[in-house]
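> Have a look at this one before I ask anything.
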Number of protein chains: 2
Amino acid sequence: MRDAVRQATLAELAEHGFRGLTVENVAERSGVHKTTVYRRWGNVEGLIADALELAAHEPWPVPDTGTVEGDLRGVVELVRSGFEDPELGPVSSAFVAAAMQSPEAARALHAFFEARHDQSAQVVRRGVERGELPVTVDAREVVRVAVAPVYYRLFVAHEPVSREDAGRAADAALAAARAGVL
Amino acid sequence: MRDAVRQATLAELAEHGFRGLTVENVAERSGVHKTTVYRRWGNVEGLIADALELAAHEPWPVPDTGTVEGDLRGVVELVRSGFEDPELGPVSSAFVAAAMQSPEAARALHAFFEARHDQSAQVVRRGVERGELPVTVDAREVVRVAVAPVYYRLFVAHEPVSREDAGRAADAALAAARAGVL
């Protein structure tokens with residue numbers, strides 16, 4: 001049942017965004033009775049938080065190209081292209097929008113990104129093991145600095161993000177890590 | 001009249017956020033008749049777009065410390081501390097939230113950030129003139145990469161941003177610029 005409700009939440013988010021998300025529509029789409037959805041998930045914020053919690057535990061295709069440059073570029077490009085995906089993109093954007101309007105969704109999105117930073121940080125740790133980066137490097141901070149310009153362009157400055165922009169953001173974080181700043 | 005409506009829009013955003021913004025409340029607060037506000041601004045998105053347009057043309061205290069490191073750190077700290085300001089913070093956050101939900105607000109926020117990038121880029125251009133950075137540097141991209149981690153923590157990963165975090169973000173962008181990546 002949890003998965004059915006979650007799939008319905010994601011599908012409704014993809015179609016109507018956070019503002020168009022209702023418990024009624026999720027209940028109808030999932031085939032779960034409305035009163036059950038209200039009892040177990042409370043409201044749309046609860047639905048979003050639960051979908052995010054499940055998403056945080058999903059495996060993520062962390063790149064393994066043999067160099068930290070290739071891997072970090074791969075991570076940032078994965079983020080960028082995810083927002084261009086016709087199914088994944090609108091859902092991811094809806095999560096970011098929801099978290100700006102609901103503290104419960106914000107807590108869930110925070111936990112989701114903690115998991116993502118942790119998963120992605122292994123590309124930096126492997127780089128340290130290979131001697132490509134200083135041992136003092138803060139692996140999660142390198143990830144944050146690498147992906148931040150993609151999100152900044154998309155959700156703050158509302159600018160397009162090209163594959164080149166994504167690659168440059170990864171290279172910038174690496175240059176800072178090599179210089180001992182991160 | 002435009003300024004009265006704008007001040008009322010900012011005050012309402014500070015108190016109630018984007019979701020609590022109504023043409024009625026702005027009209028009442030500004031002393032401008034409701035039908036006039038509807039006729040000239042259309043809706044809440046129009047009110048936000050107009051307030052942002054005025055904000056984009058406001059002077060901004062671009063730091064001038066004598067070094068590009070001091071100046072860029074100053075720019076990023078200005079951004080970070082702005083979100084901690086009890087009056088400015090909620091309004092700025094409301095603008096970011098509004099742009100996620102309204103294409104008109106997104107266009108206005110984009111124009112606002114174009115102006116901010118342009119103003120802030122002078123600290124990078126001065127660094128180039130002083131020989132601190134390569135002449136090939138993309139000044140606006142340095143600004144984007146410097147401020148992006150602050151916005152990423154606040155509006156995406158929902159993490160706190162310390163003064164140290166802001167300084168490190170500026171230093172990271174500079175290290176990348178010095179390495180010829182930006």
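Scheme for the structure tokens: letters A, B, ... for chains in order shown; per-chain residue numbers from 1; ligand numbers from 1 in order shown.
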Please provide as a list in words all residues within 8 Å of Leu10 in chain B, with the sequence filter that same-chain residues fewer than 3 positions apart are discarded (counting only C-alpha atoms).
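Counting only the stated atoms, we get Arg6, Gln7, Leu13, Ala14, Ala51 and Val91 of chain B.
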> Residues as selected, N, CA, C and O atoms, written as a CSV table (one decimal), in the first residue's frame, can you do that?

chain,number,residue,atom,x,y,z
B,6,ARG,N,4.4,49.0,-3.8
B,6,ARG,CA,5.6,48.2,-3.7
B,6,ARG,C,5.9,48.0,-2.2
B,6,ARG,O,6.2,46.9,-1.8
B,7,GLN,N,5.9,49.1,-1.4
B,7,GLN,CA,6.2,48.9,0.0
B,7,GLN,C,5.2,48.0,0.7
B,7,GLN,O,5.6,47.2,1.5
B,13,LEU,N,4.7,40.5,2.1
B,13,LEU,CA,5.6,39.3,1.9
B,13,LEU,C,6.4,39.0,3.2
B,13,LEU,O,6.5,37.8,3.5
B,14,ALA,N,6.9,40.0,3.8
B,14,ALA,CA,7.6,39.8,5.0
B,14,ALA,C,6.8,39.1,6.1
B,14,ALA,O,7.2,38.2,6.8
B,51,ALA,N,7.8,44.7,-7.8
B,51,ALA,CA,8.7,44.9,-6.7
B,51,ALA,C,10.1,44.5,-7.0
B,51,ALA,O,11.1,45.1,-6.6
B,91,VAL,N,11.4,38.5,3.0
B,91,VAL,CA,11.0,39.0,1.6
B,91,VAL,C,11.8,38.3,0.5
B,91,VAL,O,11.3,37.8,-0.5
> For Arg125 in chain B, find every residue with an atom within 7 Å (counting only C-alpha atoms), except residues of its own chain fewer than 4 positions away, and show them as a list in words.
Ala121, Glu129 and Ala139 of chain B
> Tell me the residues of chain A close to chain B, meaning within 8 Å using only C-alpha atoms, as a ChimeraX atom specification.
/A:96-97,99-101,106-107,109-110,113-114,144-145,148-149,151-152,155-159,168-169,171-173,175-177,179,181-182
> Pull N, CA, C and O atoms from the residues just selected and write them as a short mmCIF file (atom, residue, chain, number, x, y, z; two decimals), in the first residue's frame.

data_model
loop_
_atom_site.label_atom_id
_atom_site.label_comp_id
_atom_site.auth_asym_id
_atom_site.auth_seq_id
_atom_site.Cartn_x
_atom_site.Cartn_y
_atom_site.Cartn_z
N VAL A 96 11.48 20.40 -4.53
CA VAL A 96 12.16 21.63 -4.12
C VAL A 96 11.13 22.72 -3.78
O VAL A 96 11.25 23.41 -2.77
N ALA A 97 10.11 22.83 -4.62
CA ALA A 97 9.06 23.83 -4.37
C ALA A 97 8.30 23.53 -3.09
O ALA A 97 8.02 24.43 -2.29
N ALA A 99 9.33 21.98 -0.44
CA ALA A 99 10.15 22.22 0.74
C ALA A 99 10.24 23.70 1.07
O ALA A 99 10.50 24.08 2.22
N MET A 100 10.01 24.55 0.08
CA MET A 100 10.03 25.99 0.35
C MET A 100 8.75 26.43 1.04
O MET A 100 8.67 27.54 1.55
N GLN A 101 7.73 25.59 1.00
CA GLN A 101 6.44 26.00 1.55
C GLN A 101 6.01 25.18 2.75
O GLN A 101 5.01 25.51 3.38
N ALA A 106 10.52 20.25 3.99
CA ALA A 106 11.91 20.73 4.06
C ALA A 106 12.78 19.75 4.85
O ALA A 106 13.91 19.46 4.46
N ARG A 107 12.24 19.25 5.98
CA ARG A 107 13.01 18.27 6.77
C ARG A 107 13.27 17.01 5.96
O ARG A 107 14.36 16.45 5.98
N LEU A 109 13.36 16.78 2.66
CA LEU A 109 14.30 17.06 1.57
C LEU A 109 15.72 17.17 2.11
O LEU A 109 16.68 16.72 1.47
N HIS A 110 15.86 17.74 3.29
CA HIS A 110 17.18 17.82 3.94
C HIS A 110 17.75 16.40 4.13
O HIS A 110 18.92 16.14 3.80
N PHE A 113 18.89 14.96 0.86
CA PHE A 113 20.17 15.47 0.37
C PHE A 113 21.34 15.00 1.23
O PHE A 113 22.44 14.81 0.72
N GLU A 114 21.11 14.79 2.51
CA GLU A 114 22.18 14.20 3.34
C GLU A 114 22.58 12.85 2.75
O GLU A 114 23.76 12.53 2.65
N ARG A 144 28.78 19.42 -2.47
CA ARG A 144 27.89 20.58 -2.40
C ARG A 144 28.32 21.66 -3.40
O ARG A 144 27.50 22.18 -4.16
N VAL A 145 29.60 22.03 -3.37
CA VAL A 145 30.09 23.11 -4.22
C VAL A 145 29.98 22.73 -5.71
O VAL A 145 29.72 23.58 -6.55
N ALA A 148 25.97 22.80 -6.51
CA ALA A 148 25.26 24.04 -6.18
C ALA A 148 24.96 24.93 -7.40
O ALA A 148 23.84 25.43 -7.53
N PRO A 149 25.94 25.14 -8.32
CA PRO A 149 25.64 26.04 -9.44
C PRO A 149 24.50 25.55 -10.34
O PRO A 149 23.79 26.35 -10.94
N TYR A 151 21.75 23.87 -9.29
CA TYR A 151 20.51 24.24 -8.59
C TYR A 151 20.32 25.75 -8.59
O TYR A 151 19.20 26.25 -8.71
N TYR A 152 21.40 26.49 -8.42
CA TYR A 152 21.32 27.95 -8.39
C TYR A 152 20.75 28.49 -9.71
O TYR A 152 19.86 29.32 -9.72
N PHE A 155 16.84 27.10 -9.95
CA PHE A 155 15.79 27.47 -8.99
C PHE A 155 15.93 28.85 -8.38
O PHE A 155 15.06 29.30 -7.66
N VAL A 156 17.05 29.53 -8.63
CA VAL A 156 17.23 30.86 -8.05
C VAL A 156 17.33 31.90 -9.16
O VAL A 156 16.48 32.78 -9.27
N ALA A 157 18.36 31.76 -10.01
CA ALA A 157 18.56 32.76 -11.07
C ALA A 157 17.68 32.47 -12.30
O ALA A 157 17.55 33.31 -13.18
N HIS A 158 17.07 31.27 -12.35
CA HIS A 158 16.20 30.88 -13.47
C HIS A 158 16.89 31.08 -14.82
O HIS A 158 16.40 31.79 -15.69
N GLU A 159 18.04 30.42 -14.92
CA GLU A 159 18.83 30.41 -16.15
C GLU A 159 18.91 28.98 -16.66
O GLU A 159 18.86 28.05 -15.86
N ARG A 168 31.76 22.49 -15.93
CA ARG A 168 32.59 23.56 -15.35
C ARG A 168 32.39 23.65 -13.84
O ARG A 168 33.33 23.90 -13.10
N ALA A 169 31.15 23.43 -13.39
CA ALA A 169 30.88 23.48 -11.95
C ALA A 169 31.66 22.37 -11.23
O ALA A 169 32.24 22.59 -10.16
N ASP A 171 34.44 20.94 -12.33
CA ASP A 171 35.87 21.29 -12.41
C ASP A 171 36.24 22.37 -11.39
O ASP A 171 37.34 22.35 -10.82
N ALA A 172 35.32 23.32 -11.18
CA ALA A 172 35.59 24.40 -10.22
C ALA A 172 35.73 23.84 -8.81
O ALA A 172 36.64 24.21 -8.06
N ALA A 173 34.82 22.93 -8.43
CA ALA A 173 34.89 22.33 -7.09
C ALA A 173 36.19 21.55 -6.93
O ALA A 173 36.84 21.59 -5.87
N ALA A 175 39.06 22.07 -8.56
CA ALA A 175 40.19 23.00 -8.49
C ALA A 175 40.31 23.55 -7.08
O ALA A 175 41.42 23.68 -6.54
N ALA A 176 39.17 23.87 -6.46
CA ALA A 176 39.18 24.38 -5.08
C ALA A 176 39.67 23.31 -4.11
O ALA A 176 40.43 23.59 -3.18
N ALA A 177 39.26 22.05 -4.36
CA ALA A 177 39.69 20.95 -3.49
C ALA A 177 41.20 20.74 -3.62
O ALA A 177 41.91 20.55 -2.63
N ALA A 179 43.34 22.97 -4.41
CA ALA A 179 44.03 24.12 -3.82
C ALA A 179 43.95 24.11 -2.29
O ALA A 179 44.49 25.01 -1.64
N VAL A 181 41.19 24.43 -0.48
CA VAL A 181 40.16 25.32 0.06
C VAL A 181 38.98 24.54 0.63
O VAL A 181 38.32 24.98 1.57
N LEU A 182 38.70 23.35 0.05
CA LEU A 182 37.53 22.57 0.51
C LEU A 182 37.99 21.34 1.30
O LEU A 182 39.09 20.86 1.14
#
> What parts of range 16-152 of chain B does DSSP call alpha helix (DSSP H)? I'd like the answer as a PyMOL selection string.
chain B and resi 16+23-30+34-41+44-56+68-84+88-101+103-129+139-151
